[in-house]
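Trainee: Next comes my_file.csv, CSV, C-alpha atoms:
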```
chain,number,residue,atom,x,y,z
X,1,MET,CA,-18.0,-13.8,-27.7
X,2,ASN,CA,-16.4,-12.2,-24.7
X,3,LEU,CA,-18.0,-8.8,-23.8
X,4,LEU,CA,-16.4,-5.9,-22.1
X,5,HIS,CA,-18.0,-4.6,-18.9
X,6,ILE,CA,-16.8,-1.1,-18.0
X,7,ILE,CA,-17.6,0.4,-14.6
X,8,THR,CA,-17.0,3.7,-12.9
X,9,PRO,CA,-17.6,4.2,-9.2
X,10,VAL,CA,-18.8,7.8,-8.5
X,11,LYS,CA,-18.9,9.9,-5.4
X,12,ASP,CA,-19.9,13.5,-6.5
X,13,SER,CA,-17.0,15.3,-8.3
X,14,LEU,CA,-19.5,15.9,-11.1
X,15,ALA,CA,-17.2,17.8,-13.5
X,16,THR,CA,-14.5,15.1,-13.6
X,17,THR,CA,-17.1,12.3,-13.6
X,18,LEU,CA,-18.8,13.8,-16.7
X,19,ASP,CA,-15.3,14.0,-18.4
X,20,THR,CA,-14.8,10.4,-17.6
X,21,ILE,CA,-18.2,9.4,-18.9
X,22,ARG,CA,-17.7,11.3,-22.2
X,23,SER,CA,-14.3,9.8,-22.7
X,24,VAL,CA,-15.5,6.2,-22.1
X,25,MET,CA,-18.6,6.7,-24.3
X,26,SER,CA,-16.3,8.1,-27.1
X,27,SER,CA,-14.2,4.9,-27.0
X,28,ARG,CA,-13.6,3.1,-30.3
X,29,LEU,CA,-14.5,-0.5,-29.4
X,30,SER,CA,-14.9,-3.3,-31.9
X,31,GLU,CA,-17.4,-5.4,-29.9
X,32,PRO,CA,-20.3,-5.0,-27.6
X,33,PHE,CA,-19.7,-3.5,-24.2
X,34,THR,CA,-21.7,-2.3,-21.2
X,35,TYR,CA,-20.9,0.8,-19.2
X,36,THR,CA,-22.3,1.1,-15.6
X,37,ILE,CA,-21.9,4.0,-13.2
X,38,TYR,CA,-22.1,3.1,-9.6
X,39,ASP,CA,-23.3,6.2,-7.7
X,40,ASP,CA,-22.1,5.8,-4.1
X,41,PHE,CA,-24.4,8.2,-2.2
X,42,SER,CA,-23.6,11.3,-4.2
X,43,SER,CA,-25.7,14.4,-3.8
X,44,ASP,CA,-29.2,14.6,-5.2
X,45,GLU,CA,-27.9,17.0,-7.8
X,46,THR,CA,-25.2,14.6,-9.0
X,47,ALA,CA,-27.6,11.7,-9.0
X,48,ARG,CA,-30.1,13.6,-11.1
X,49,ARG,CA,-27.5,14.7,-13.6
X,50,LEU,CA,-26.2,11.1,-13.9
X,51,ASP,CA,-29.7,9.9,-14.7
X,52,GLU,CA,-30.0,12.6,-17.4
X,53,GLU,CA,-26.7,11.7,-18.9
X,54,ALA,CA,-27.5,8.0,-18.9
X,55,LEU,CA,-30.7,8.6,-20.8
X,56,ALA,CA,-28.9,10.8,-23.3
X,57,GLN,CA,-25.7,8.7,-23.8
X,58,GLY,CA,-26.9,5.2,-23.3
X,59,PHE,CA,-25.1,3.9,-20.2
X,60,GLN,CA,-26.5,2.5,-17.0
X,61,VAL,CA,-26.6,4.0,-13.5
X,62,VAL,CA,-26.9,2.0,-10.3
X,63,HIS,CA,-27.7,4.2,-7.3
X,64,LEU,CA,-26.2,2.4,-4.3
X,65,ARG,CA,-28.6,4.1,-1.9
X,66,ASP,CA,-31.3,1.9,-3.5
X,67,VAL,CA,-29.5,-1.3,-2.7
X,68,THR,CA,-27.6,-0.8,0.6
X,69,ASP,CA,-27.7,1.3,3.8
X,70,HIS,CA,-23.9,1.0,4.2
X,71,PRO,CA,-22.3,4.4,4.1
X,72,SER,CA,-19.9,5.4,1.4
X,73,PRO,CA,-17.3,4.2,0.4
X,74,ASN,CA,-19.0,1.0,-1.0
X,75,TYR,CA,-16.1,-0.2,-3.3
X,76,LEU,CA,-16.4,-3.7,-2.0
X,77,LEU,CA,-20.1,-4.0,-3.0
X,78,VAL,CA,-19.3,-2.5,-6.4
X,79,LEU,CA,-16.5,-4.9,-7.1
X,80,GLN,CA,-18.4,-7.9,-5.9
X,81,THR,CA,-21.5,-7.0,-8.0
X,82,ALA,CA,-19.4,-6.2,-11.1
X,83,ARG,CA,-17.5,-9.4,-10.8
X,84,GLU,CA,-20.7,-11.5,-10.7
X,85,ASN,CA,-22.1,-9.7,-13.7
X,86,ALA,CA,-18.9,-10.1,-15.7
X,87,LEU,CA,-18.5,-13.8,-14.8
X,88,ALA,CA,-22.1,-14.5,-15.9
X,89,ALA,CA,-21.2,-13.0,-19.3
X,90,ASP,CA,-17.7,-14.4,-19.5
X,91,ALA,CA,-16.6,-10.7,-19.9
X,92,HIS,CA,-13.5,-8.7,-19.1
X,93,LEU,CA,-14.1,-6.2,-16.3
X,94,CYS,CA,-12.6,-2.7,-16.8
X,95,ILE,CA,-12.6,-0.1,-14.0
X,96,VAL,CA,-12.2,3.5,-15.0
X,97,GLU,CA,-12.3,5.8,-12.0
X,98,SER,CA,-14.1,9.1,-12.0
X,99,ASP,CA,-10.9,11.2,-12.0
X,100,VAL,CA,-9.6,9.6,-15.2
X,101,THR,CA,-10.1,10.3,-18.9
X,102,VAL,CA,-9.2,7.7,-21.5
X,103,GLN,CA,-8.2,8.1,-25.1
X,104,PRO,CA,-10.5,6.8,-27.8
X,105,ASP,CA,-8.4,3.7,-28.4
X,106,THR,CA,-7.3,3.0,-24.8
X,107,LEU,CA,-9.9,0.5,-23.8
X,108,GLN,CA,-9.7,-1.6,-27.0
X,109,ALA,CA,-5.9,-1.6,-26.7
X,110,LEU,CA,-6.1,-2.8,-23.1
X,111,LEU,CA,-8.5,-5.5,-24.1
X,112,ASP,CA,-6.4,-6.6,-27.1
X,113,GLY,CA,-3.3,-6.6,-24.9
X,114,ALA,CA,-4.9,-8.8,-22.2
X,115,ARG,CA,-6.1,-11.3,-24.8
X,116,GLN,CA,-2.7,-11.5,-26.4
X,117,ARG,CA,-1.3,-12.6,-23.0
X,118,THR,CA,-2.9,-15.8,-21.8
X,119,ASP,CA,-1.3,-15.4,-18.4
X,120,CYS,CA,-2.8,-11.9,-17.8
X,121,GLY,CA,-4.6,-11.1,-14.6
X,122,ILE,CA,-4.7,-7.3,-14.8
X,123,ALA,CA,-3.9,-5.0,-17.7
X,124,ALA,CA,-3.4,-1.5,-16.4
X,125,ALA,CA,-2.9,1.8,-18.2
X,126,VAL,CA,-0.3,4.2,-16.9
X,127,THR,CA,-1.5,7.5,-15.5
X,128,VAL,CA,-0.3,11.0,-16.6
X,129,ASP,CA,-1.1,14.6,-15.7
X,130,GLU,CA,-2.5,17.0,-18.2
X,131,ALA,CA,1.0,17.8,-19.4
X,132,GLY,CA,1.6,14.2,-20.3
X,133,GLU,CA,4.0,13.5,-17.3
X,134,VAL,CA,3.6,10.2,-15.5
X,135,ASN,CA,1.9,10.9,-12.1
X,136,TYR,CA,0.5,9.2,-9.0
X,137,PRO,CA,0.1,6.3,-8.5
X,138,TYR,CA,2.7,5.2,-11.2
X,139,LEU,CA,5.6,7.5,-10.4
X,140,HIS,CA,7.8,4.4,-10.2
X,141,ALA,CA,7.1,3.9,-14.0
X,142,LYS,CA,8.3,7.4,-15.0
X,143,ASN,CA,11.5,6.2,-16.6
X,144,LEU,CA,10.3,2.9,-18.0
X,145,PRO,CA,10.2,2.2,-21.7
X,146,LYS,CA,6.8,2.9,-23.4
X,147,GLU,CA,5.6,-0.7,-23.7
X,148,ALA,CA,3.6,-3.3,-21.9
X,149,ALA,CA,5.6,-5.2,-19.3
X,150,PRO,CA,4.8,-7.5,-16.4
X,151,THR,CA,5.0,-5.8,-13.0
X,152,ASP,CA,5.3,-7.1,-9.4
X,153,LYS,CA,4.1,-3.7,-8.1
X,154,HIS,CA,0.4,-3.3,-7.6
X,155,CYS,CA,-1.9,-2.1,-10.4
X,156,SER,CA,-4.0,0.9,-9.5
X,157,PHE,CA,-7.7,0.7,-10.5
X,158,CYS,CA,-7.5,4.1,-12.1
X,159,CYS,CA,-7.9,2.4,-15.4
X,160,SER,CA,-7.4,-1.4,-15.2
X,161,LEU,CA,-8.9,-4.4,-17.0
X,162,LEU,CA,-9.4,-7.6,-15.0
X,163,THR,CA,-9.5,-10.7,-17.1
X,164,PRO,CA,-12.2,-13.4,-16.9
X,165,GLU,CA,-9.4,-15.8,-15.7
X,166,LEU,CA,-8.6,-13.6,-12.7
X,167,LEU,CA,-12.3,-13.3,-11.9
X,168,ARG,CA,-12.7,-17.1,-12.0
X,169,ARG,CA,-9.6,-17.7,-9.8
X,170,PHE,CA,-10.3,-15.1,-7.1
X,171,ASP,CA,-13.7,-14.8,-5.4
X,172,PHE,CA,-14.1,-11.2,-4.2
X,173,SER,CA,-16.1,-12.5,-1.2
X,174,GLU,CA,-12.7,-13.2,0.2
X,175,LEU,CA,-11.8,-9.5,0.3
X,176,ASN,CA,-11.6,-7.9,3.8
X,177,PRO,CA,-14.7,-5.9,4.4
X,178,ASN,CA,-12.8,-3.7,6.9
X,179,LYS,CA,-10.8,-2.1,4.1
X,180,SER,CA,-11.9,0.8,1.8
X,181,TRP,CA,-9.9,0.0,-1.4
X,182,TYR,CA,-8.8,-3.3,-2.9
X,183,ASP,CA,-6.4,-2.7,-5.9
X,184,VAL,CA,-3.4,-3.7,-3.8
X,185,THR,CA,-5.0,-6.9,-2.5
X,186,ILE,CA,-6.4,-8.0,-5.9
X,187,SER,CA,-3.1,-7.3,-7.6
X,188,HIS,CA,-1.3,-9.5,-5.1
X,189,GLU,CA,-4.0,-12.2,-5.4
X,190,ALA,CA,-3.6,-12.3,-9.2
X,191,LEU,CA,0.1,-13.1,-8.7
X,192,ALA,CA,-0.6,-15.6,-6.0
X,193,ARG,CA,-2.9,-17.4,-8.3
X,194,GLY,CA,-0.3,-17.9,-11.0
X,195,LEU,CA,-1.2,-14.9,-13.3
X,196,LYS,CA,0.8,-11.9,-14.3
X,197,ASN,CA,-0.1,-8.2,-14.1
X,198,TYR,CA,0.9,-5.9,-17.0
X,199,LEU,CA,1.5,-2.2,-16.9
X,200,PHE,CA,0.9,-0.5,-20.3
X,201,THR,CA,3.2,2.5,-20.2
X,202,ASN,CA,2.3,3.0,-23.9
X,203,LEU,CA,-1.4,3.7,-23.1
X,204,PRO,CA,-1.4,6.8,-20.9
X,205,VAL,CA,-4.7,8.1,-19.4
X,206,VAL,CA,-5.1,11.5,-17.7
X,207,HIS,CA,-5.5,11.2,-13.9
X,208,ARG,CA,-6.6,14.1,-11.7
X,209,PRO,CA,-6.0,12.4,-8.3
X,210,HIS,CA,-8.6,12.2,-5.6
X,211,GLN,CA,-11.1,14.6,-7.1
X,212,SER,CA,-14.0,12.7,-5.5
X,213,ARG,CA,-12.5,12.8,-2.0
X,214,PRO,CA,-10.7,16.2,-1.6
X,215,TRP,CA,-9.4,15.5,1.9
X,216,LYS,CA,-7.0,13.1,0.3
X,217,GLN,CA,-5.2,16.0,-1.4
X,218,LEU,CA,-3.6,16.5,2.0
X,219,LYS,CA,-1.4,13.6,1.1
X,220,TYR,CA,0.6,16.0,-1.1
X,221,LYS,CA,-0.1,19.3,0.6
X,222,ASN,CA,0.2,18.3,4.3
X,223,PRO,CA,1.2,14.7,4.6
X,224,LEU,CA,1.4,14.8,8.4
X,225,LEU,CA,-2.3,15.9,8.6
X,226,TYR,CA,-3.2,13.3,6.0
X,227,TYR,CA,-1.7,10.4,7.9
X,228,TRP,CA,-3.2,11.7,11.2
X,229,LYS,CA,-6.7,11.7,9.7
X,230,LYS,CA,-6.0,8.4,8.0
X,231,PHE,CA,-5.1,6.6,11.2
X,232,THR,CA,-7.1,8.4,13.8
X,233,LYS,CA,-10.4,8.3,11.8
X,234,GLY,CA,-9.8,4.9,10.2
X,235,LEU,CA,-10.0,6.4,6.7
X,236,ASP,CA,-8.6,5.1,3.4
X,237,LYS,CA,-7.8,1.6,4.4
X,238,ILE,CA,-5.9,-0.3,1.7
```
Now that the file is in, can you turn its structure into structure tokens?
Mentor:
Amino acid sequence: MNLLHIITPVKDSLATTLDTIRSVMSSRLSEPFTYTIYDDFSSDETARRLDEEALAQGFQVVHLRDVTDHPSPNYLLVLQTARENALAADAHLCIVESDVTVQPDTLQALLDGARQRTDCGIAAAVTVDEAGEVNYPYLHAKNLPKEAAPTDKHCSFCCSLLTPELLRRFDFSELNPNKSWYDVTISHEALARGLKNYLFTNLPVVHRPHQSRPWKQLKYKNPLLYYWKKFTKGLDKI
């Protein structure tokens, strides 16, 4: 039986992270799953609270400070570790980021949708704000029909499921260690390896963008300052 491995990378933003955890742990799933929080050098307070919640709710926490000296962000290490674990179990790998909350049936529907499409590399849920309006990073999908459809645009890892076939075809050791984020690269690699990526506009998840890295809010409030910081400080490499 294929399992479902769910992961959430965390960098503080405790309030939204707890919302994410509660929504994932409230999911209605018809088969065994594992849920792992990767704590990327959060504060001591956040780390302690994650351990308490893990004990109470039954998920796992990996504190990256215990396994690497590399400063945050450590998304590459998280993805490589999660891929290895999923491959070993022949499992689908679902990424739910710490500024996202899912509906009780979201993850099962993504899993079912991926299995129904033998060519699926990534199955992604569309993001919406708290009023239900499609928001970043899927603004291009605002007027699309509410259905699952293949997309040539990249799938954000806000809430995306990577199939075992994609994990077998693309070794994450090939990812560029000089980048910070990898959703664009992995989306393109899925297509290059003969798979299709599907955006499920009928499976909305609430997204509160960039809660764990508040400086990125500048992208909307002061884009000139955002891009100055991005390029002069080498931040947010995609």
Trainee: Pick from X:Ile95, X:Leu166, X:Leu144, X:Leu64: nearest to Thr20 in chain X, with all atoms listed in the file counted?
Mentor: X:Ile95
Trainee: Name the residues in contact with Ala82 in chain X at a cut-off of 9 Å, using only C-alpha atoms, excluding same-chain residues fewer than 5 positions from it; report them as an MDAnalysis selection string.
Mentor: chainID X and resid 5:7 77 87 93
Trainee: Include C-alpha atoms and write out the residues we just selected as a PDB file, in the coordinates of the input.
Mentor:
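File result03.pdb, as written:
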```pdb
ATOM      1  CA  HIS X   5     -18.000  -4.600 -18.900  1.00  0.00           C
ATOM      2  CA  ILE X   6     -16.800  -1.100 -18.000  1.00  0.00           C
ATOM      3  CA  ILE X   7     -17.600   0.400 -14.600  1.00  0.00           C
ATOM      4  CA  LEU X  77     -20.100  -4.000  -3.000  1.00  0.00           C
ATOM      5  CA  LEU X  87     -18.500 -13.800 -14.800  1.00  0.00           C
ATOM      6  CA  LEU X  93     -14.100  -6.200 -16.300  1.00  0.00           C
TER       7      LEU X  93
END
```
Trainee: Distance CA of Thr201 in chain X-CA of Ser27 in chain X, one decimal place?
Mentor: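 Those two atoms sit 18.8 Å apart.
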Trainee: Taking all atoms listed in the file into account, name the residue in X:Arg193, X:His63, X:Arg48, X:His207 that is nearest to Phe170 in chain X.
Mentor: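 Under the stated criterion, the closest residue is X:Arg193.
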Trainee: Just how far from CA of Asp69 in chain X is CA of Ser13 in chain X, in Å to one decimal?
Mentor: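 Spanning CA of Ser13 in chain X to CA of Asp69 in chain X is a straight-line distance of 21.4 Å.
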Trainee: Give as a list in words each residue that has an atom at most 12 Å from (-4.4, 18.9, -20.3) in the file, counting all atoms listed in the file.
Mentor: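 In the file's frame, the residues around the point are Val100, Thr101, Val128, Asp129, Glu130, Ala131, Gly132, Glu133, Val205, Val206, His207 and Arg208 of chain X.
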Trainee: So which one's closest to Lys153 in chain X, X:Lys179, X:Arg117, X:Lys196, X:Arg168? Using all atoms listed in the file, please.
Mentor: X:Lys196
Trainee: Could you please determine the separation between CA of Thr163 in chain X and CA of Leu18 in chain X in Å, to one decimal place?
Mentor: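 CA of Leu18 in chain X lies 26.2 Å from CA of Thr163 in chain X.
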Trainee: So, with all atoms listed in the file as the atoms that count, which of X:Leu162, X:Gln80, X:Phe41, X:Gln108 lies closest to Arg28 in chain X?
Mentor: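 Checking each of X:Leu162, X:Gln80, X:Phe41, X:Gln108 against Arg28 in chain X, counting all atoms listed in the file, the winner is X:Gln108.
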Trainee: Go through X:Phe157, X:Tyr38, X:Tyr198, X:Phe172 and flag the residue nearest Arg83 in chain X, using all atoms listed in the file for the distances.
Mentor: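 Between X:Phe157, X:Tyr38, X:Tyr198, X:Phe172, the residue approaching Arg83 in chain X most closely is X:Phe172.
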Trainee: Between X:Glu165, X:Leu14, X:Ser173, X:Ile21, single out the one closest to Thr118 in chain X, counting only C-alpha atoms.
Mentor: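 Checking each of X:Glu165, X:Leu14, X:Ser173, X:Ile21 against Thr118 in chain X, counting only C-alpha atoms, the winner is X:Glu165.
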Trainee: I'd like the contact shell of Gly121 in chain X - 12 Å cut-off, all atoms listed in the file, skipping same-chain residues fewer than 3 positions apart - returned as a PyMOL selection string.
Mentor: chain X and resi 92-94+110-111+113-118+124+150-152+154-155+160-170+186-199
Trainee: I want to know what sits within 8 Å of Ser23 in chain X, based on all atoms listed in the file, with residues of the same chain fewer than 6 positions away left out; could you give that as a list in words?
Mentor: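 Listed by chain and then number, they are Thr101, Val102, Gln103 and Pro104 of chain X.
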Trainee: Can you write range 169-182 of chain X from the block above with all heavy atoms, as a PDB file, in the first residue's frame?
Mentor:
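Dumped everything to out_2.pdb:
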```
ATOM      1  N   ARG X 169      11.939   9.655 -10.803  1.00  0.00           N
ATOM      2  CA  ARG X 169      12.540  10.169 -12.037  1.00  0.00           C
ATOM      3  C   ARG X 169      13.509  11.329 -11.813  1.00  0.00           C
ATOM      4  O   ARG X 169      14.399  11.547 -12.640  1.00  0.00           O
ATOM      5  CB  ARG X 169      11.438  10.615 -13.012  1.00  0.00           C
ATOM      6  CG  ARG X 169      10.584   9.472 -13.530  1.00  0.00           C
ATOM      7  CD  ARG X 169       9.713   9.929 -14.687  1.00  0.00           C
ATOM      8  NE  ARG X 169       8.708   8.932 -15.039  1.00  0.00           N
ATOM      9  CZ  ARG X 169       7.945   8.989 -16.115  1.00  0.00           C
ATOM     10  NH1 ARG X 169       8.083  10.013 -16.974  1.00  0.00           N
ATOM     11  NH2 ARG X 169       7.048   8.053 -16.363  1.00  0.00           N
ATOM     12  N   PHE X 170      13.325  12.075 -10.717  1.00  0.00           N
ATOM     13  CA  PHE X 170      14.170  13.245 -10.493  1.00  0.00           C
ATOM     14  C   PHE X 170      14.823  13.169  -9.122  1.00  0.00           C
ATOM     15  O   PHE X 170      14.150  13.199  -8.094  1.00  0.00           O
ATOM     16  CB  PHE X 170      13.369  14.538 -10.615  1.00  0.00           C
ATOM     17  CG  PHE X 170      14.198  15.779 -10.412  1.00  0.00           C
ATOM     18  CD1 PHE X 170      15.399  15.954 -11.082  1.00  0.00           C
ATOM     19  CD2 PHE X 170      13.791  16.770  -9.536  1.00  0.00           C
ATOM     20  CE1 PHE X 170      16.177  17.091 -10.885  1.00  0.00           C
ATOM     21  CE2 PHE X 170      14.547  17.908  -9.329  1.00  0.00           C
ATOM     22  CZ  PHE X 170      15.754  18.065 -10.015  1.00  0.00           C
ATOM     23  N   ASP X 171      16.137  13.066  -9.113  1.00  0.00           N
ATOM     24  CA  ASP X 171      16.927  12.996  -7.886  1.00  0.00           C
ATOM     25  C   ASP X 171      17.171  14.416  -7.382  1.00  0.00           C
ATOM     26  O   ASP X 171      17.776  15.239  -8.082  1.00  0.00           O
ATOM     27  CB  ASP X 171      18.252  12.296  -8.181  1.00  0.00           C
ATOM     28  CG  ASP X 171      19.055  12.011  -6.923  1.00  0.00           C
ATOM     29  OD1 ASP X 171      18.812  12.663  -5.891  1.00  0.00           O
ATOM     30  OD2 ASP X 171      19.952  11.146  -6.982  1.00  0.00           O
ATOM     31  N   PHE X 172      16.730  14.719  -6.178  1.00  0.00           N
ATOM     32  CA  PHE X 172      16.855  16.069  -5.648  1.00  0.00           C
ATOM     33  C   PHE X 172      18.301  16.456  -5.347  1.00  0.00           C
ATOM     34  O   PHE X 172      18.571  17.620  -5.032  1.00  0.00           O
ATOM     35  CB  PHE X 172      16.000  16.236  -4.399  1.00  0.00           C
ATOM     36  CG  PHE X 172      14.509  16.231  -4.667  1.00  0.00           C
ATOM     37  CD1 PHE X 172      13.599  16.342  -3.623  1.00  0.00           C
ATOM     38  CD2 PHE X 172      14.002  16.112  -5.958  1.00  0.00           C
ATOM     39  CE1 PHE X 172      12.236  16.342  -3.866  1.00  0.00           C
ATOM     40  CE2 PHE X 172      12.638  16.097  -6.214  1.00  0.00           C
ATOM     41  CZ  PHE X 172      11.755  16.214  -5.144  1.00  0.00           C
ATOM     42  N   SER X 173      19.226  15.517  -5.456  1.00  0.00           N
ATOM     43  CA  SER X 173      20.641  15.886  -5.332  1.00  0.00           C
ATOM     44  C   SER X 173      21.085  16.745  -6.506  1.00  0.00           C
ATOM     45  O   SER X 173      22.135  17.391  -6.454  1.00  0.00           O
ATOM     46  CB  SER X 173      21.517  14.638  -5.231  1.00  0.00           C
ATOM     47  OG  SER X 173      21.496  13.904  -6.447  1.00  0.00           O
ATOM     48  N   GLU X 174      20.280  16.780  -7.569  1.00  0.00           N
ATOM     49  CA  GLU X 174      20.586  17.602  -8.736  1.00  0.00           C
ATOM     50  C   GLU X 174      20.154  19.056  -8.554  1.00  0.00           C
ATOM     51  O   GLU X 174      20.473  19.906  -9.382  1.00  0.00           O
ATOM     52  CB  GLU X 174      19.902  17.018  -9.981  1.00  0.00           C
ATOM     53  CG  GLU X 174      20.356  15.613 -10.353  1.00  0.00           C
ATOM     54  CD  GLU X 174      19.621  15.080 -11.562  1.00  0.00           C
ATOM     55  OE1 GLU X 174      19.340  15.874 -12.484  1.00  0.00           O
ATOM     56  OE2 GLU X 174      19.310  13.872 -11.589  1.00  0.00           O
ATOM     57  N   LEU X 175      19.446  19.356  -7.488  1.00  0.00           N
ATOM     58  CA  LEU X 175      19.005  20.728  -7.255  1.00  0.00           C
ATOM     59  C   LEU X 175      20.185  21.626  -6.919  1.00  0.00           C
ATOM     60  O   LEU X 175      21.147  21.209  -6.285  1.00  0.00           O
ATOM     61  CB  LEU X 175      17.982  20.755  -6.116  1.00  0.00           C
ATOM     62  CG  LEU X 175      16.632  20.099  -6.425  1.00  0.00           C
ATOM     63  CD1 LEU X 175      15.816  19.930  -5.147  1.00  0.00           C
ATOM     64  CD2 LEU X 175      15.859  20.908  -7.455  1.00  0.00           C
ATOM     65  N   ASN X 176      20.074  22.871  -7.341  1.00  0.00           N
ATOM     66  CA  ASN X 176      21.151  23.846  -7.163  1.00  0.00           C
ATOM     67  C   ASN X 176      21.219  24.302  -5.695  1.00  0.00           C
ATOM     68  O   ASN X 176      20.288  24.940  -5.204  1.00  0.00           O
ATOM     69  CB  ASN X 176      20.888  25.050  -8.073  1.00  0.00           C
ATOM     70  CG  ASN X 176      21.993  26.085  -8.016  1.00  0.00           C
ATOM     71  OD1 ASN X 176      22.865  26.045  -7.153  1.00  0.00           O
ATOM     72  ND2 ASN X 176      21.965  27.028  -8.944  1.00  0.00           N
ATOM     73  N   PRO X 177      22.314  24.012  -4.994  1.00  0.00           N
ATOM     74  CA  PRO X 177      22.399  24.377  -3.578  1.00  0.00           C
ATOM     75  C   PRO X 177      22.494  25.877  -3.341  1.00  0.00           C
ATOM     76  O   PRO X 177      22.361  26.334  -2.197  1.00  0.00           O
ATOM     77  CB  PRO X 177      23.672  23.665  -3.107  1.00  0.00           C
ATOM     78  CG  PRO X 177      24.500  23.516  -4.343  1.00  0.00           C
ATOM     79  CD  PRO X 177      23.517  23.294  -5.459  1.00  0.00           C
ATOM     80  N   ASN X 178      22.713  26.663  -4.386  1.00  0.00           N
ATOM     81  CA  ASN X 178      22.807  28.114  -4.229  1.00  0.00           C
ATOM     82  C   ASN X 178      21.442  28.797  -4.237  1.00  0.00           C
ATOM     83  O   ASN X 178      21.360  30.006  -4.024  1.00  0.00           O
ATOM     84  CB  ASN X 178      23.683  28.707  -5.335  1.00  0.00           C
ATOM     85  CG  ASN X 178      25.124  28.262  -5.218  1.00  0.00           C
ATOM     86  OD1 ASN X 178      25.676  28.209  -4.119  1.00  0.00           O
ATOM     87  ND2 ASN X 178      25.737  27.908  -6.345  1.00  0.00           N
ATOM     88  N   LYS X 179      20.385  28.040  -4.473  1.00  0.00           N
ATOM     89  CA  LYS X 179      19.040  28.600  -4.452  1.00  0.00           C
ATOM     90  C   LYS X 179      18.423  28.421  -3.077  1.00  0.00           C
ATOM     91  O   LYS X 179      18.902  27.641  -2.248  1.00  0.00           O
ATOM     92  CB  LYS X 179      18.172  27.940  -5.520  1.00  0.00           C
ATOM     93  CG  LYS X 179      18.612  28.269  -6.949  1.00  0.00           C
ATOM     94  CD  LYS X 179      17.624  27.744  -7.967  1.00  0.00           C
ATOM     95  CE  LYS X 179      18.006  28.175  -9.379  1.00  0.00           C
ATOM     96  NZ  LYS X 179      17.009  27.754 -10.384  1.00  0.00           N
ATOM     97  N   SER X 180      17.334  29.153  -2.844  1.00  0.00           N
ATOM     98  CA  SER X 180      16.614  29.056  -1.570  1.00  0.00           C
ATOM     99  C   SER X 180      15.357  28.212  -1.685  1.00  0.00           C
ATOM    100  O   SER X 180      14.981  27.522  -0.737  1.00  0.00           O
ATOM    101  CB  SER X 180      16.227  30.455  -1.078  1.00  0.00           C
ATOM    102  OG  SER X 180      17.351  31.301  -0.964  1.00  0.00           O
ATOM    103  N   TRP X 181      14.681  28.268  -2.839  1.00  0.00           N
ATOM    104  CA  TRP X 181      13.385  27.610  -3.023  1.00  0.00           C
ATOM    105  C   TRP X 181      13.421  26.817  -4.329  1.00  0.00           C
ATOM    106  O   TRP X 181      14.123  27.174  -5.279  1.00  0.00           O
ATOM    107  CB  TRP X 181      12.251  28.634  -3.044  1.00  0.00           C
ATOM    108  CG  TRP X 181      12.399  29.643  -1.943  1.00  0.00           C
ATOM    109  CD1 TRP X 181      12.693  30.967  -2.073  1.00  0.00           C
ATOM    110  CD2 TRP X 181      12.311  29.401  -0.541  1.00  0.00           C
ATOM    111  NE1 TRP X 181      12.784  31.559  -0.843  1.00  0.00           N
ATOM    112  CE2 TRP X 181      12.556  30.630   0.112  1.00  0.00           C
ATOM    113  CE3 TRP X 181      12.040  28.266   0.229  1.00  0.00           C
ATOM    114  CZ2 TRP X 181      12.528  30.752   1.500  1.00  0.00           C
ATOM    115  CZ3 TRP X 181      12.023  28.393   1.605  1.00  0.00           C
ATOM    116  CH2 TRP X 181      12.263  29.615   2.222  1.00  0.00           C
ATOM    117  N   TYR X 182      12.592  25.780  -4.418  1.00  0.00           N
ATOM    118  CA  TYR X 182      12.766  24.820  -5.504  1.00  0.00           C
ATOM    119  C   TYR X 182      11.469  24.423  -6.201  1.00  0.00           C
ATOM    120  O   TYR X 182      11.480  23.508  -7.025  1.00  0.00           O
ATOM    121  CB  TYR X 182      13.466  23.567  -4.951  1.00  0.00           C
ATOM    122  CG  TYR X 182      14.839  23.885  -4.419  1.00  0.00           C
ATOM    123  CD1 TYR X 182      15.040  24.170  -3.075  1.00  0.00           C
ATOM    124  CD2 TYR X 182      15.931  23.958  -5.279  1.00  0.00           C
ATOM    125  CE1 TYR X 182      16.299  24.497  -2.585  1.00  0.00           C
ATOM    126  CE2 TYR X 182      17.191  24.273  -4.805  1.00  0.00           C
ATOM    127  CZ  TYR X 182      17.367  24.550  -3.464  1.00  0.00           C
ATOM    128  OH  TYR X 182      18.618  24.879  -3.002  1.00  0.00           O
TER     129      TYR X 182
END
```
